[in-house]
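Student: Input file: work-v7.cif. Contents: mmCIF, C-alpha atoms.
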```cif
data_structure
loop_
_atom_site.label_atom_id
_atom_site.label_comp_id
_atom_site.auth_asym_id
_atom_site.auth_seq_id
_atom_site.Cartn_x
_atom_site.Cartn_y
_atom_site.Cartn_z
CA MET A 173 0.00 0.00 0.00
CA ALA A 174 1.86 3.06 -1.25
CA LEU A 175 0.73 6.38 0.17
CA SER A 176 1.80 9.45 -1.69
CA THR A 177 1.35 13.07 -0.75
CA ARG A 178 0.00 15.62 -3.12
CA ASN A 179 2.01 18.52 -1.66
CA LYS A 180 5.60 18.62 -2.72
CA VAL A 181 8.15 20.83 -0.99
CA SER A 182 9.62 23.41 -3.33
CA VAL A 183 13.40 23.67 -3.27
CA ASN A 184 13.50 27.04 -5.10
CA PHE A 185 14.78 30.12 -3.28
CA SER A 186 13.14 33.50 -3.87
CA MET A 187 15.48 36.50 -4.05
CA ALA A 188 12.67 39.08 -3.95
CA SER A 189 12.88 39.73 -0.22
CA MET A 190 16.67 39.93 -0.34
CA THR A 191 16.61 42.58 -3.07
CA ASP A 192 14.02 44.59 -1.12
CA ILE A 193 16.33 44.70 1.89
CA VAL A 194 19.33 45.70 -0.25
CA PHE A 195 17.40 48.56 -1.88
CA LEU A 196 16.14 49.79 1.51
CA LEU A 197 19.69 49.84 2.86
CA LEU A 198 20.90 51.64 -0.26
CA ILE A 199 18.26 54.34 0.12
CA PHE A 200 19.03 54.69 3.85
CA PHE A 201 22.75 55.23 3.25
CA MET A 202 22.13 57.65 0.38
CA ILE A 203 19.88 59.81 2.56
CA THR A 204 22.16 59.79 5.60
CA SER A 205 25.26 60.56 3.56
CA THR A 206 23.73 63.82 2.30
CA LEU A 207 23.20 65.00 5.89
CA VAL A 208 26.89 64.85 6.71
CA SER A 209 28.71 68.14 6.32
CA PRO A 210 32.37 67.37 5.65
CA ASN A 211 34.73 69.48 7.70
CA ALA A 212 38.39 68.80 7.02
CA LEU A 213 39.63 71.10 9.78
CA LYS A 214 39.28 69.93 13.36
CA VAL A 215 38.06 72.64 15.71
CA LEU A 216 36.43 72.38 19.12
CA LEU A 217 32.91 73.70 18.63
CA PRO A 218 30.86 75.24 21.43
CA ASN A 219 28.07 73.11 22.91
CA SER A 220 24.39 73.61 22.13
CA SER A 221 21.17 71.73 22.78
CA SER A 222 19.36 72.89 19.62
CA LYS A 223 19.85 71.62 16.11
CA THR A 224 19.39 73.43 12.79
CA MET A 225 18.96 71.42 9.63
CA SER A 226 19.47 73.94 6.86
CA LYS A 227 21.29 73.52 3.56
CA GLN A 228 24.45 75.56 3.60
CA THR A 229 26.59 75.94 0.52
CA VAL A 230 29.88 77.30 1.93
CA SER A 231 31.78 76.36 5.07
CA VAL A 232 33.89 79.02 6.84
CA THR A 233 36.24 77.78 9.56
CA ILE A 234 38.13 79.89 12.09
CA THR A 235 40.95 77.88 13.66
CA PRO A 236 42.50 78.47 17.10
CA GLU A 237 45.45 80.10 15.28
CA LEU A 238 42.93 82.74 14.04
CA THR A 239 43.19 81.76 10.38
CA PHE A 240 40.18 81.71 8.06
CA HIS A 241 39.41 78.75 5.80
CA VAL A 242 36.66 78.76 3.15
CA ASN A 243 35.76 75.18 2.18
CA ALA A 244 39.08 74.04 3.74
CA LYS A 245 41.14 76.53 1.64
CA LEU A 246 43.22 79.08 3.52
CA VAL A 247 42.00 82.65 2.94
CA SER A 248 43.34 85.91 4.37
CA SER A 249 41.01 87.92 6.58
CA ASP A 250 40.99 90.73 3.99
CA GLY A 251 40.14 88.37 1.12
CA LEU A 252 37.37 86.57 2.99
CA GLU A 253 34.50 88.67 1.64
CA SER A 254 35.63 88.45 -1.98
CA ALA A 255 36.15 84.67 -1.67
CA LEU A 256 32.62 84.26 -0.31
CA GLN A 257 31.16 86.47 -3.03
CA THR A 258 32.77 84.44 -5.81
CA LEU A 259 31.64 81.12 -4.31
CA LEU A 260 28.07 82.25 -3.59
CA ARG A 261 27.47 84.15 -6.83
CA GLY A 262 24.36 82.86 -8.58
CA GLU A 263 23.01 80.91 -5.58
CA GLU A 264 19.28 81.21 -5.01
CA LYS A 265 19.49 81.24 -1.19
CA PRO A 266 23.18 81.60 -0.36
CA GLY A 267 24.14 80.17 2.99
CA ILE A 268 27.25 79.97 5.13
CA ILE A 269 27.98 77.59 7.98
CA LEU A 270 30.49 79.04 10.43
CA HIS A 271 32.78 76.62 12.27
CA ALA A 272 34.58 78.68 14.92
CA ASP A 273 36.75 77.10 17.58
CA LYS A 274 35.47 77.87 21.07
CA SER A 275 38.77 79.55 21.97
CA VAL A 276 38.44 82.09 19.13
CA PRO A 277 37.64 85.64 20.31
CA LEU A 278 34.15 86.80 19.40
CA GLU A 279 35.35 89.62 17.16
CA TYR A 280 36.52 87.12 14.50
CA ALA A 281 33.13 85.39 14.39
CA VAL A 282 31.41 88.79 14.27
CA LYS A 283 33.54 89.71 11.23
CA VAL A 284 32.09 86.72 9.31
CA MET A 285 28.58 87.56 10.59
CA ASP A 286 28.99 91.15 9.39
CA ILE A 287 30.04 89.97 5.92
CA ALA A 288 27.01 87.65 5.78
CA ASN A 289 24.66 90.40 6.93
CA LYS A 290 26.06 92.94 4.46
CA ASN A 291 25.70 90.54 1.50
CA LYS A 292 22.36 89.09 2.70
CA TYR A 293 23.71 85.55 3.18
CA GLN A 294 22.08 83.14 5.59
CA LEU A 295 24.50 82.21 8.38
CA VAL A 296 24.43 79.23 10.73
CA LEU A 297 26.88 78.86 13.60
CA ALA A 298 28.00 75.24 13.90
CA THR A 299 27.91 73.81 17.41
CA LYS A 300 28.50 70.43 18.98
CA THR A 301 25.33 68.84 20.32
CA ASP A 302 25.29 67.56 23.89
#
```
Do you think you could lay out the structure here as structure tokens?
Tutor:
Amino acid sequence: MALSTRNKVSVNFSMASMTDIVFLLLIFFMITSTLVSPNALKVLLPNSSSKTMSKQTVSVTITPELTFHVNAKLVSSDGLESALQTLLRGEEKPGIILHADKSVPLEYAVKVMDIANKNKYQLVLATKTD
């Protein structure tokens, strides 16, 4: 008496769920990589509990040695405004993110703020979150 089952176990493997996971991971890493603002110069930023997520086009860094860097390129304090004007020419909403070391005197940060105010640039002061 031979009993046979009508249901056979399929030995095929479906890759559909695996490709879904790979595409979700790809999208996740693409989105998170655009949120990172590369800063080649290491400065100690002041602490803050608030966070601003605004697209900034140019990064200005003031190091503890009181040198100015625009997008990691050394710029003299006199040539700072002209360097910013050439980089931000033609931008719809020009923005600057200011990375100032916490040991830098306030007058150097105010100089960048004054340039941004005079040229109607949006300015965000970068801080380290707690």
Student: Quick check on the file I pasted: which residues fall under the PyMOL selection byres ((chain A and resi 275-292) around 12)? Write them as a PDB file with C-alpha atoms, keeping the file's coordinate frame.
Tutor:
```
ATOM      1  CA  VAL A 215      38.060  72.640  15.710  1.00  0.00           C
ATOM      2  CA  LEU A 216      36.430  72.380  19.120  1.00  0.00           C
ATOM      3  CA  LEU A 217      32.910  73.700  18.630  1.00  0.00           C
ATOM      4  CA  PRO A 218      30.860  75.240  21.430  1.00  0.00           C
ATOM      5  CA  VAL A 230      29.880  77.300   1.930  1.00  0.00           C
ATOM      6  CA  SER A 231      31.780  76.360   5.070  1.00  0.00           C
ATOM      7  CA  VAL A 232      33.890  79.020   6.840  1.00  0.00           C
ATOM      8  CA  THR A 233      36.240  77.780   9.560  1.00  0.00           C
ATOM      9  CA  ILE A 234      38.130  79.890  12.090  1.00  0.00           C
ATOM     10  CA  THR A 235      40.950  77.880  13.660  1.00  0.00           C
ATOM     11  CA  PRO A 236      42.500  78.470  17.100  1.00  0.00           C
ATOM     12  CA  GLU A 237      45.450  80.100  15.280  1.00  0.00           C
ATOM     13  CA  LEU A 238      42.930  82.740  14.040  1.00  0.00           C
ATOM     14  CA  THR A 239      43.190  81.760  10.380  1.00  0.00           C
ATOM     15  CA  PHE A 240      40.180  81.710   8.060  1.00  0.00           C
ATOM     16  CA  HIS A 241      39.410  78.750   5.800  1.00  0.00           C
ATOM     17  CA  VAL A 242      36.660  78.760   3.150  1.00  0.00           C
ATOM     18  CA  SER A 249      41.010  87.920   6.580  1.00  0.00           C
ATOM     19  CA  ASP A 250      40.990  90.730   3.990  1.00  0.00           C
ATOM     20  CA  GLY A 251      40.140  88.370   1.120  1.00  0.00           C
ATOM     21  CA  LEU A 252      37.370  86.570   2.990  1.00  0.00           C
ATOM     22  CA  GLU A 253      34.500  88.670   1.640  1.00  0.00           C
ATOM     23  CA  SER A 254      35.630  88.450  -1.980  1.00  0.00           C
ATOM     24  CA  ALA A 255      36.150  84.670  -1.670  1.00  0.00           C
ATOM     25  CA  LEU A 256      32.620  84.260  -0.310  1.00  0.00           C
ATOM     26  CA  GLN A 257      31.160  86.470  -3.030  1.00  0.00           C
ATOM     27  CA  THR A 258      32.770  84.440  -5.810  1.00  0.00           C
ATOM     28  CA  LEU A 260      28.070  82.250  -3.590  1.00  0.00           C
ATOM     29  CA  ARG A 261      27.470  84.150  -6.830  1.00  0.00           C
ATOM     30  CA  GLU A 263      23.010  80.910  -5.580  1.00  0.00           C
ATOM     31  CA  GLU A 264      19.280  81.210  -5.010  1.00  0.00           C
ATOM     32  CA  LYS A 265      19.490  81.240  -1.190  1.00  0.00           C
ATOM     33  CA  PRO A 266      23.180  81.600  -0.360  1.00  0.00           C
ATOM     34  CA  GLY A 267      24.140  80.170   2.990  1.00  0.00           C
ATOM     35  CA  ILE A 268      27.250  79.970   5.130  1.00  0.00           C
ATOM     36  CA  ILE A 269      27.980  77.590   7.980  1.00  0.00           C
ATOM     37  CA  LEU A 270      30.490  79.040  10.430  1.00  0.00           C
ATOM     38  CA  HIS A 271      32.780  76.620  12.270  1.00  0.00           C
ATOM     39  CA  ALA A 272      34.580  78.680  14.920  1.00  0.00           C
ATOM     40  CA  ASP A 273      36.750  77.100  17.580  1.00  0.00           C
ATOM     41  CA  LYS A 274      35.470  77.870  21.070  1.00  0.00           C
ATOM     42  CA  TYR A 293      23.710  85.550   3.180  1.00  0.00           C
ATOM     43  CA  GLN A 294      22.080  83.140   5.590  1.00  0.00           C
ATOM     44  CA  LEU A 295      24.500  82.210   8.380  1.00  0.00           C
ATOM     45  CA  VAL A 296      24.430  79.230  10.730  1.00  0.00           C
ATOM     46  CA  LEU A 297      26.880  78.860  13.600  1.00  0.00           C
ATOM     47  CA  ALA A 298      28.000  75.240  13.900  1.00  0.00           C
TER      48      ALA A 298
END
```
Student: I'd like the interatomic distance between atom CA of A:Val183 and atom CA of A:Leu198, to a tenth of an Å.
Tutor: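 Taking atom CA of A:Val183 and atom CA of A:Leu198, their separation equals 29.1 Å.
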Student: Centre and edge lengths of an axis-aligned box around all listed atoms of stretch 265-270 of chain A, with 5 Å added on each side, are to be given in Å to one decimal, as AutoDock Vina command-line options.
Tutor:
```
--center_x 25.0 --center_y 79.6 --center_z 4.6 --size_x 21.0 --size_y 14.0 --size_z 21.6
```
Student: Work out how far atom CA of A:Ala244 is from atom CA of A:Thr204, in Å to one decimal.
Tutor: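 Distance reported for this atom pair: 22.2 Å.
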